[in-house]
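Q: See input22.cif below, with mmCIF, C-alpha atoms.
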data_coords
#
loop_
_atom_site.group_PDB
_atom_site.id
_atom_site.type_symbol
_atom_site.label_atom_id
_atom_site.label_comp_id
_atom_site.auth_asym_id
_atom_site.auth_seq_id
_atom_site.Cartn_x
_atom_site.Cartn_y
_atom_site.Cartn_z
ATOM 1 C CA ALA F 45 -7.947 -48.412 11.853
ATOM 2 C CA ARG F 46 -10.289 -50.256 14.195
ATOM 3 C CA SER F 47 -9.693 -51.672 17.646
ATOM 4 C CA MET F 48 -10.669 -55.308 17.998
ATOM 5 C CA GLY F 49 -11.890 -54.753 21.541
ATOM 6 C CA ASP F 50 -12.879 -57.623 23.833
ATOM 7 C CA GLN F 51 -14.540 -60.173 21.593
ATOM 8 C CA ASP F 52 -15.618 -63.784 21.975
ATOM 9 C CA PRO F 53 -12.549 -65.893 21.023
ATOM 10 C CA ALA F 54 -14.788 -68.081 18.882
ATOM 11 C CA ASN F 55 -15.589 -65.085 16.680
ATOM 12 C CA LEU F 56 -12.054 -63.779 16.360
ATOM 13 C CA PRO F 57 -10.311 -63.976 12.955
ATOM 14 C CA SER F 58 -7.621 -66.617 12.545
ATOM 15 C CA TRP F 59 -4.781 -64.075 12.649
ATOM 16 C CA ARG F 60 -5.965 -62.942 16.090
ATOM 17 C CA THR F 61 -6.492 -66.361 17.666
ATOM 18 C CA SER F 62 -3.149 -67.641 16.376
ATOM 19 C CA TYR F 63 -1.150 -65.046 18.272
ATOM 20 C CA SER F 64 -3.385 -63.652 21.029
ATOM 21 C CA THR F 65 -2.154 -66.063 23.726
ATOM 22 C CA GLN F 66 1.487 -65.472 22.834
ATOM 23 C CA ALA F 67 0.959 -61.712 22.762
ATOM 24 C CA ALA F 68 -0.764 -61.706 26.136
ATOM 25 C CA GLU F 69 2.113 -63.613 27.722
ATOM 26 C CA GLN F 70 4.858 -61.324 26.437
ATOM 27 C CA LYS F 71 5.025 -58.838 29.297
ATOM 28 C CA THR F 72 7.941 -56.439 28.947
ATOM 29 C CA ASN F 73 9.281 -53.245 30.451
ATOM 30 C CA GLY F 74 7.787 -51.310 27.548
ATOM 31 C CA GLY F 75 4.391 -52.990 27.849
ATOM 32 C CA SER F 76 2.743 -56.043 26.338
ATOM 33 C CA SER F 77 3.163 -56.892 22.690
ATOM 34 C CA TRP F 78 0.095 -56.364 20.517
ATOM 35 C CA LEU F 79 -1.032 -57.030 16.961
ATOM 36 C CA ALA F 80 -2.003 -54.910 13.975
ATOM 37 C CA HIS F 81 -3.726 -56.504 10.985
ATOM 38 C CA PHE F 82 -3.402 -54.704 7.629
ATOM 39 C CA THR F 83 -5.699 -55.164 4.640
ATOM 40 C CA VAL F 84 -3.904 -54.196 1.417
ATOM 41 C CA ARG F 85 -5.331 -53.496 -2.057
ATOM 42 C CA ASN F 86 -3.896 -53.181 -5.535
ATOM 43 C CA LEU F 87 -1.217 -55.840 -5.245
ATOM 44 C CA LYS F 88 0.610 -57.062 -8.338
ATOM 45 C CA GLY F 89 -2.061 -58.150 -10.758
ATOM 46 C CA GLY F 90 -4.733 -56.114 -8.967
ATOM 47 C CA GLY F 91 -5.438 -58.486 -6.092
ATOM 48 C CA SER F 92 -5.724 -57.875 -2.351
ATOM 49 C CA GLY F 93 -4.266 -59.492 0.747
ATOM 50 C CA ASN F 94 -3.499 -59.192 4.444
ATOM 51 C CA PHE F 95 -0.546 -59.178 6.760
ATOM 52 C CA THR F 96 -0.166 -58.969 10.542
ATOM 53 C CA ILE F 97 2.600 -57.374 12.546
ATOM 54 C CA SER F 98 3.406 -57.917 16.195
ATOM 55 C CA VAL F 99 4.405 -54.671 17.911
ATOM 56 C CA GLN F 100 7.049 -55.087 20.614
ATOM 57 C CA PRO F 101 7.157 -51.972 22.847
ATOM 58 C CA HIS F 102 10.261 -53.199 24.680
ATOM 59 C CA TRP F 103 12.205 -53.179 21.404
ATOM 60 C CA ALA F 104 11.628 -49.486 20.770
ATOM 61 C CA PRO F 105 9.084 -47.911 23.179
ATOM 62 C CA VAL F 106 9.042 -44.448 21.608
ATOM 63 C CA GLY F 107 8.460 -45.793 18.103
ATOM 64 C CA ALA F 108 5.837 -48.291 19.290
ATOM 65 C CA ARG F 109 3.928 -45.513 21.037
ATOM 66 C CA ARG F 110 3.946 -43.287 17.948
ATOM 67 C CA PHE F 111 2.743 -46.210 15.808
ATOM 68 C CA ARG F 112 -0.115 -46.818 18.239
ATOM 69 C CA ARG F 113 -1.104 -43.175 18.083
ATOM 70 C CA LEU F 114 -1.124 -43.222 14.286
ATOM 71 C CA LEU F 115 -3.370 -46.280 14.238
ATOM 72 C CA GLU F 116 -5.818 -44.695 16.672
ATOM 73 C CA GLU F 117 -6.037 -41.657 14.402
ATOM 74 C CA HIS F 118 -6.648 -43.843 11.287
ATOM 75 C CA PHE F 119 -3.492 -42.387 9.783
ATOM 76 C CA PHE F 120 -2.542 -45.337 7.563
ATOM 77 C CA ASP F 121 -5.923 -45.777 5.880
ATOM 78 C CA GLN F 122 -5.438 -45.251 2.121
ATOM 79 C CA CYS F 123 -1.672 -44.766 2.533
ATOM 80 C CA ARG F 124 0.335 -45.889 -0.523
ATOM 81 C CA PHE F 125 3.446 -48.047 -0.436
ATOM 82 C CA PHE F 126 5.302 -45.358 -2.344
ATOM 83 C CA ARG F 127 8.790 -46.864 -2.149
ATOM 84 C CA VAL F 128 9.063 -50.594 -2.761
ATOM 85 C CA VAL F 129 12.547 -51.769 -3.717
ATOM 86 C CA LYS F 130 12.943 -55.496 -4.358
ATOM 87 C CA GLY F 131 15.092 -57.202 -1.746
ATOM 88 C CA PHE F 132 15.428 -53.992 0.271
ATOM 89 C CA MET F 133 12.297 -52.429 1.743
ATOM 90 C CA ALA F 134 8.636 -51.475 1.402
ATOM 91 C CA GLN F 135 8.092 -47.957 2.715
ATOM 92 C CA PHE F 136 4.830 -46.148 3.478
ATOM 93 C CA GLY F 137 3.448 -43.647 5.984
ATOM 94 C CA ILE F 138 2.832 -40.381 4.126
ATOM 95 C CA SER F 139 -0.838 -39.494 4.424
ATOM 96 C CA GLY F 140 -2.986 -39.014 1.340
ATOM 97 C CA ASP F 141 -4.270 -35.821 3.008
ATOM 98 C CA PRO F 142 -1.757 -32.915 2.809
ATOM 99 C CA ASP F 143 -3.288 -31.280 5.898
ATOM 100 C CA VAL F 144 -2.493 -34.356 7.982
ATOM 101 C CA ASN F 145 1.083 -34.323 6.699
ATOM 102 C CA THR F 146 1.398 -30.685 7.734
ATOM 103 C CA LYS F 147 0.138 -31.566 11.222
ATOM 104 C CA TYR F 148 2.824 -34.183 11.741
ATOM 105 C CA ARG F 149 5.722 -32.467 9.995
ATOM 106 C CA GLY F 150 6.953 -30.869 13.208
ATOM 107 C CA LYS F 151 5.895 -33.679 15.553
ATOM 108 C CA THR F 152 9.182 -35.557 15.562
ATOM 109 C CA ILE F 153 9.974 -38.176 18.175
ATOM 110 C CA ALA F 154 13.203 -39.038 19.948
ATOM 111 C CA ASP F 155 15.328 -41.918 18.719
ATOM 112 C CA ASP F 156 15.142 -45.356 20.318
ATOM 113 C CA ILE F 157 18.178 -47.448 21.138
ATOM 114 C CA VAL F 158 18.637 -50.144 18.492
ATOM 115 C CA LYS F 159 18.136 -53.442 20.347
ATOM 116 C CA PHE F 160 17.225 -55.767 17.453
ATOM 117 C CA THR F 161 18.541 -56.054 13.930
ATOM 118 C CA ASN F 162 16.729 -54.982 10.739
ATOM 119 C CA GLN F 163 16.235 -58.439 9.281
ATOM 120 C CA ARG F 164 13.571 -59.533 6.802
ATOM 121 C CA GLY F 165 10.068 -58.836 8.127
ATOM 122 C CA ARG F 166 11.117 -56.313 10.781
ATOM 123 C CA VAL F 167 9.365 -52.924 10.881
ATOM 124 C CA SER F 168 11.167 -49.639 11.638
ATOM 125 C CA PHE F 169 10.538 -45.916 11.335
ATOM 126 C CA ALA F 170 12.285 -44.056 8.544
ATOM 127 C CA MET F 171 14.337 -41.030 9.527
ATOM 128 C CA SER F 172 16.536 -38.337 8.024
ATOM 129 C CA GLY F 173 18.767 -37.623 11.028
ATOM 130 C CA ILE F 174 18.871 -37.582 14.812
ATOM 131 C CA ASP F 175 15.414 -37.432 16.465
ATOM 132 C CA SER F 176 13.693 -36.892 13.094
ATOM 133 C CA ARG F 177 11.132 -39.719 13.014
ATOM 134 C CA THR F 178 7.520 -38.758 12.274
ATOM 135 C CA THR F 179 5.127 -41.109 10.418
ATOM 136 C CA GLN F 180 7.016 -43.020 7.721
ATOM 137 C CA ILE F 181 7.790 -46.669 8.379
ATOM 138 C CA PHE F 182 9.324 -49.460 6.329
ATOM 139 C CA ILE F 183 9.265 -53.242 6.278
ATOM 140 C CA SER F 184 12.600 -54.898 5.508
ATOM 141 C CA LEU F 185 12.392 -57.241 2.529
ATOM 142 C CA GLY F 186 15.893 -58.607 3.068
ATOM 143 C CA ASP F 187 18.785 -58.594 5.516
ATOM 144 C CA ASN F 188 19.247 -54.883 6.301
ATOM 145 C CA ARG F 189 21.440 -55.181 9.374
ATOM 146 C CA PHE F 190 23.680 -52.437 7.961
ATOM 147 C CA LEU F 191 20.861 -50.053 8.982
ATOM 148 C CA ASP F 192 21.372 -50.941 12.646
ATOM 149 C CA LYS F 193 24.471 -48.766 12.983
ATOM 150 C CA GLN F 194 22.600 -45.885 11.350
ATOM 151 C CA GLY F 195 20.060 -45.826 14.188
ATOM 152 C CA PHE F 196 17.031 -47.491 12.580
ATOM 153 C CA ALA F 197 15.365 -49.273 15.506
ATOM 154 C CA PRO F 198 12.838 -52.042 14.721
ATOM 155 C CA PHE F 199 9.691 -51.849 16.856
ATOM 156 C CA ALA F 200 7.683 -54.693 15.291
ATOM 157 C CA GLU F 201 7.862 -57.649 12.943
ATOM 158 C CA VAL F 202 5.602 -59.377 10.462
ATOM 159 C CA VAL F 203 4.199 -62.575 11.974
ATOM 160 C CA GLU F 204 1.754 -63.489 9.221
ATOM 161 C CA GLY F 205 1.299 -62.589 5.552
ATOM 162 C CA MET F 206 4.860 -61.941 4.397
ATOM 163 C CA GLU F 207 3.782 -63.362 1.046
ATOM 164 C CA THR F 208 1.374 -60.422 0.734
ATOM 165 C CA ILE F 209 4.189 -57.950 1.318
ATOM 166 C CA ASP F 210 6.235 -59.665 -1.383
ATOM 167 C CA LEU F 211 3.358 -58.918 -3.784
ATOM 168 C CA LEU F 212 3.373 -55.148 -3.170
ATOM 169 C CA TYR F 213 3.803 -53.361 -6.486
ATOM 170 C CA ASN F 214 7.472 -52.517 -7.031
ATOM 171 C CA GLY F 215 7.464 -51.538 -10.708
ATOM 172 C CA TYR F 216 8.299 -47.897 -10.027
ATOM 173 C CA GLY F 217 11.420 -48.778 -8.026
ATOM 174 C CA GLU F 218 13.391 -46.233 -6.041
ATOM 175 C CA GLY F 219 11.816 -42.835 -5.450
ATOM 176 C CA ALA F 220 12.803 -39.578 -7.121
ATOM 177 C CA PRO F 221 15.317 -38.134 -7.693
ATOM 178 C CA ARG F 222 17.417 -41.329 -7.555
ATOM 179 C CA GLY F 223 14.794 -43.424 -9.316
ATOM 180 C CA GLN F 224 11.567 -43.272 -11.287
ATOM 181 C CA GLY F 225 9.281 -43.600 -8.267
ATOM 182 C CA PRO F 226 7.197 -40.926 -6.503
ATOM 183 C CA ASP F 227 8.719 -37.743 -5.140
ATOM 184 C CA GLN F 228 8.125 -37.584 -1.393
ATOM 185 C CA ASN F 229 7.711 -33.801 -1.461
ATOM 186 C CA GLY F 230 4.970 -34.219 -4.040
ATOM 187 C CA ILE F 231 3.133 -36.681 -1.783
ATOM 188 C CA GLN F 232 3.508 -34.369 1.209
ATOM 189 C CA LYS F 233 2.091 -31.389 -0.641
ATOM 190 C CA VAL F 234 -0.583 -32.931 -2.888
ATOM 191 C CA GLY F 235 -1.279 -36.318 -1.307
ATOM 192 C CA ASN F 236 -3.050 -39.194 -3.036
ATOM 193 C CA GLU F 237 -4.222 -36.923 -5.839
ATOM 194 C CA TYR F 238 -0.611 -36.776 -7.032
ATOM 195 C CA LEU F 239 -0.087 -40.538 -6.630
ATOM 196 C CA GLU F 240 -3.331 -41.627 -8.282
ATOM 197 C CA LYS F 241 -2.578 -39.460 -11.285
ATOM 198 C CA LYS F 242 1.078 -40.374 -11.854
ATOM 199 C CA PHE F 243 1.529 -43.693 -10.028
ATOM 200 C CA PRO F 244 -1.825 -45.500 -10.211
ATOM 201 C CA LEU F 245 -0.397 -48.993 -9.733
ATOM 202 C CA LEU F 246 0.887 -48.438 -6.191
ATOM 203 C CA SER F 247 -0.433 -50.858 -3.577
ATOM 204 C CA TYR F 248 -2.160 -49.231 -0.620
ATOM 205 C CA VAL F 249 -3.519 -49.880 2.881
ATOM 206 C CA GLU F 250 -7.280 -50.163 2.895
ATOM 207 C CA SER F 251 -7.697 -50.516 6.663
ATOM 208 C CA VAL F 252 -5.960 -51.590 9.862
ATOM 209 C CA GLU F 253 -7.392 -53.489 12.813
ATOM 210 C CA PHE F 254 -5.433 -53.664 16.046
ATOM 211 C CA SER F 255 -5.780 -55.453 19.370
ATOM 212 C CA SER F 256 -7.087 -53.299 22.226
ATOM 213 C CA LEU F 257 -4.537 -52.148 24.786
ATOM 214 C CA GLY F 258 -5.512 -49.414 27.219
ATOM 215 C CA SER F 259 -7.783 -46.514 26.328
ATOM 216 C CA VAL F 260 -7.870 -44.755 22.989
ATOM 217 C CA GLY F 261 -5.841 -41.574 23.272
ATOM 218 C CA ASP F 262 -3.409 -42.851 25.919
ATOM 219 C CA ALA F 263 -0.560 -43.012 23.390
ATOM 220 C CA ALA F 264 -1.189 -39.450 22.195
ATOM 221 C CA ARG F 265 -1.377 -38.075 25.743
ATOM 222 C CA ALA F 266 1.787 -39.878 26.819
ATOM 223 C CA GLU F 267 3.579 -38.648 23.705
ATOM 224 C CA GLU F 268 2.528 -35.039 24.268
ATOM 225 C CA LEU F 269 3.698 -35.148 27.901
ATOM 226 C CA SER F 270 6.985 -36.653 26.796
ATOM 227 C CA GLY F 271 7.351 -33.902 24.194
ATOM 228 C CA VAL F 272 6.793 -31.193 26.799
ATOM 229 C CA ALA F 273 9.401 -32.779 29.052
ATOM 230 C CA SER F 274 11.943 -32.988 26.234
ATOM 231 C CA ARG F 275 11.370 -29.346 25.263
ATOM 232 C CA LEU F 276 11.799 -28.212 28.863
ATOM 233 C CA GLY F 277 14.948 -30.290 29.350
ATOM 234 C CA PRO F 278 17.580 -28.009 27.699
ATOM 235 C CA PRO F 279 16.287 -24.744 29.263
ATOM 236 C CA MET F 280 16.113 -26.382 32.691
ATOM 237 C CA MET F 281 19.735 -27.507 32.366
ATOM 238 C CA VAL F 282 20.658 -23.826 32.214
ATOM 239 C CA ILE F 283 18.103 -22.502 34.687
ATOM 240 C CA LEU F 284 18.642 -25.020 37.496
ATOM 241 C CA PRO F 285 22.359 -24.216 38.061
ATOM 242 C CA LEU F 286 21.527 -20.506 38.096
ATOM 243 C CA LEU F 287 18.757 -21.087 40.626
ATOM 244 C CA LEU F 288 21.145 -23.113 42.772
ATOM 245 C CA VAL F 289 23.749 -20.328 42.742
ATOM 246 C CA ALA F 290 21.068 -17.758 43.589
ATOM 247 C CA LEU F 291 19.827 -19.924 46.461
ATOM 248 C CA ILE F 292 23.337 -20.285 47.900
ATOM 249 C CA CYS F 293 23.857 -16.512 47.706
ATOM 250 C CA MET F 294 20.558 -15.851 49.455
ATOM 251 C CA ILE F 295 21.431 -18.299 52.247
ATOM 252 C CA ARG F 296 24.818 -16.642 52.775
ATOM 253 C CA ILE F 297 23.250 -13.168 52.865
ATOM 254 C CA CYS F 298 20.580 -14.312 55.319
ATOM 255 C CA CYS F 299 23.216 -15.855 57.593
ATOM 256 C CA LYS F 300 25.268 -12.660 57.539
ATOM 257 C CA VAL F 301 22.244 -10.502 58.337
ATOM 258 C CA CYS F 302 21.295 -12.826 61.212
ATOM 259 C CA ARG F 303 24.791 -12.578 62.695
ATOM 260 C CA MET F 304 24.671 -8.779 62.493
ATOM 261 C CA PHE F 305 21.331 -8.646 64.299
ATOM 262 C CA CYS F 306 22.577 -11.052 66.970
ATOM 263 C CA GLU F 307 25.704 -8.951 67.608
ATOM 264 C CA GLU F 308 23.664 -5.737 67.793
ATOM 265 C CA ASP F 309 21.214 -7.376 70.165
ATOM 266 C CA GLN F 310 24.036 -8.504 72.437
ATOM 267 C CA ASP F 311 25.544 -4.986 72.465
ATOM 268 C CA ASP F 312 22.182 -3.412 73.280
ATOM 269 C CA LYS F 313 21.642 -5.816 76.168
ATOM 270 C CA ALA F 314 25.096 -5.173 77.548
ATOM 271 C CA LYS F 315 24.702 -1.383 77.358
ATOM 272 C CA ALA F 316 21.299 -1.555 79.014
ATOM 273 C CA HIS F 317 22.779 -3.675 81.783
ATOM 274 C CA ALA F 318 25.621 -1.192 82.265
ATOM 275 C CA LYS F 319 23.188 1.727 82.677
ATOM 276 C CA THR F 320 21.090 -0.045 85.260
ATOM 277 C CA ASN F 321 24.164 -1.402 87.072
ATOM 278 C CA PRO F 322 26.898 1.233 86.768
ATOM 279 C CA ASP F 323 29.213 -0.604 89.187
ATOM 280 C CA SER F 324 29.195 -3.773 87.130
ATOM 281 C CA VAL F 325 31.833 -4.573 84.594
ATOM 282 C CA TYR F 326 30.834 -3.896 80.970
ATOM 283 C CA LEU F 327 31.201 -7.141 79.100
ATOM 284 C CA GLY F 328 30.445 -5.806 75.661
ATOM 285 C CA LYS F 329 32.885 -5.851 72.796
ATOM 286 C CA PRO F 330 35.717 -3.342 73.581
ATOM 287 C CA ALA F 331 35.812 -0.345 71.335
ATOM 288 C CA PRO F 332 38.979 0.033 69.276
ATOM 289 C CA CYS F 333 41.346 2.763 70.460
ATOM 290 C CA ALA F 334 44.101 4.749 68.774
ATOM 291 C CA GLU F 335 47.741 3.937 69.323
ATOM 292 C CA ASP F 336 48.196 7.045 71.584
ATOM 293 C CA ASP F 337 45.486 5.758 73.895
ATOM 294 C CA TYR F 338 47.559 2.810 75.055
ATOM 295 C CA PRO F 339 49.138 3.276 78.548
ATOM 296 C CA ALA F 340 52.628 4.706 78.456
ATOM 297 C CA GLU F 341 55.575 2.884 79.888
ATOM 298 C CA PRO F 342 56.243 3.939 83.503
ATOM 299 C CA ALA F 343 58.933 6.635 83.749
ATOM 300 C CA GLU F 344 62.194 5.741 85.343
#
Using the file provided, produce a representation of the structure as structure tokens.
A:
Amino acid sequence: ARSMGDQDPANLPSWRTSYSTQAAEQKTNGGSSWLAHFTVRNLKGGGSGNFTISVQPHWAPVGARRFRRLLEEHFFDQCRFFRVVKGFMAQFGISGDPDVNTKYRGKTIADDIVKFTNQRGRVSFAMSGIDSRTTQIFISLGDNRFLDKQGFAPFAEVVEGMETIDLLYNGYGEGAPRGQGPDQNGIQKVGNEYLEKKFPLLSYVESVEFSSLGSVGDAARAEELSGVASRLGPPMMVILPLLLVALICMIRICCKVCRMFCEEDQDDKAKAHAKTNPDSVYLGKPAPCAEDDYPAEPAE
């Protein structure tokens, strides 16, 4: 994956000049839209091609940020389209390096709210449950709006080269164990060595170029900070109420101790005054007396 950087518009490729103005104008709460240009090899018949996707951070900010991070780390280079089902989807995003897969296995991201439907050409992260997204993404090859209710949130869409995606090799069909295609566990553990040996006809990403947006590493840093915050969230929900109760108890104890000291100070002052002025009336708090100490009724 390579950043396009700030280049002379006259030297930019056609895919970049066609959409750069539109992308620059699309300011959103999740950030500006930006482009990623994929070069794909081993299409049907052995050819190659390109396609471009426009990433829309305001559609799904968490997913868009993870995708940016993956591009900056060259994650998709040499990735195979291991699950291509005609009329349904083209899925990729398992690294050909098992060590990289191990690195990301526990780096799940939180779910995005589904704001746009999974129609043809839209790009979403695959997932196996709540907050389970990691690196696998898919491009819808048909109307997959039924996936909306399942929580699959599109974060981008193909804006050029859909004909290339239609030429991705789909001869292996659905993945194992439901079909004859690759087993995802095998890819995770062995990587491209497994795919090249048993599924040599799979199309794959040769490289990705993407429009510059901020500094390299910003997405990773923001994601790590977000991860720390999410991990601290549940414990803090328990700790904060306990801290509040403890604080209230401490305030009440301090108030009680202050009152005791004030009362003792007043008594000491009154007693000192009585000693120095024996004829004065003692204004301190009267000491309690027994019932027999009360004056008796006058005798008749």
Q: For F:Ala200, please output as JSON, numbers by chain all residues within 12 Å (counting only C-alpha atoms; exclusion window: fewer than 3 positions along the same chain).
A: {"F": [77, 78, 79, 80, 96, 97, 98, 99, 100, 101, 102, 103, 104, 105, 107, 108, 109, 111, 112, 159, 160, 161, 162, 163, 164, 165, 166, 167, 168, 169, 181, 182, 183, 184, 197, 203]}
Q: Which residues come within 10 Å of stretch 142-153 of chain F, counting all atoms listed in the file, excluding same-chain residues fewer than 3 positions away, as a list in words?
A: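 Surrounding residues, per the criterion: Val106, Gly107, Arg109, Arg110, Phe119, Gly137, Ile138, Ser139, Asp156, Met171, Ile174, Asp175, Ser176, Arg177, Thr178, Thr179, Gly230, Ile231, Gln232, Lys233, Val234, Gly235, Asn236, Glu237, Glu267, Glu268, Ser270, Gly271 and Ser274 of chain F.
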Q: Just checking: using only C-alpha atoms, which residue out of F:Phe196, F:Phe243, F:Tyr213, F:Phe82 ends up closest to F:Ile157?
A: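 Smallest separation from F:Ile157 among the options: F:Phe196.
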Q: Would you please work out which residue, of F:Gly173, F:Ile209, F:Phe132, F:His118, is nearest to F:Phe254 when using all atoms listed in the file?
A: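 That would be F:His118, the residue with the smallest distance to F:Phe254.
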Q: Measure the distance from atom CA of F:Phe126 to atom CA of F:Asn229 in Å and round it to one decimal.
A: 11.8 Å
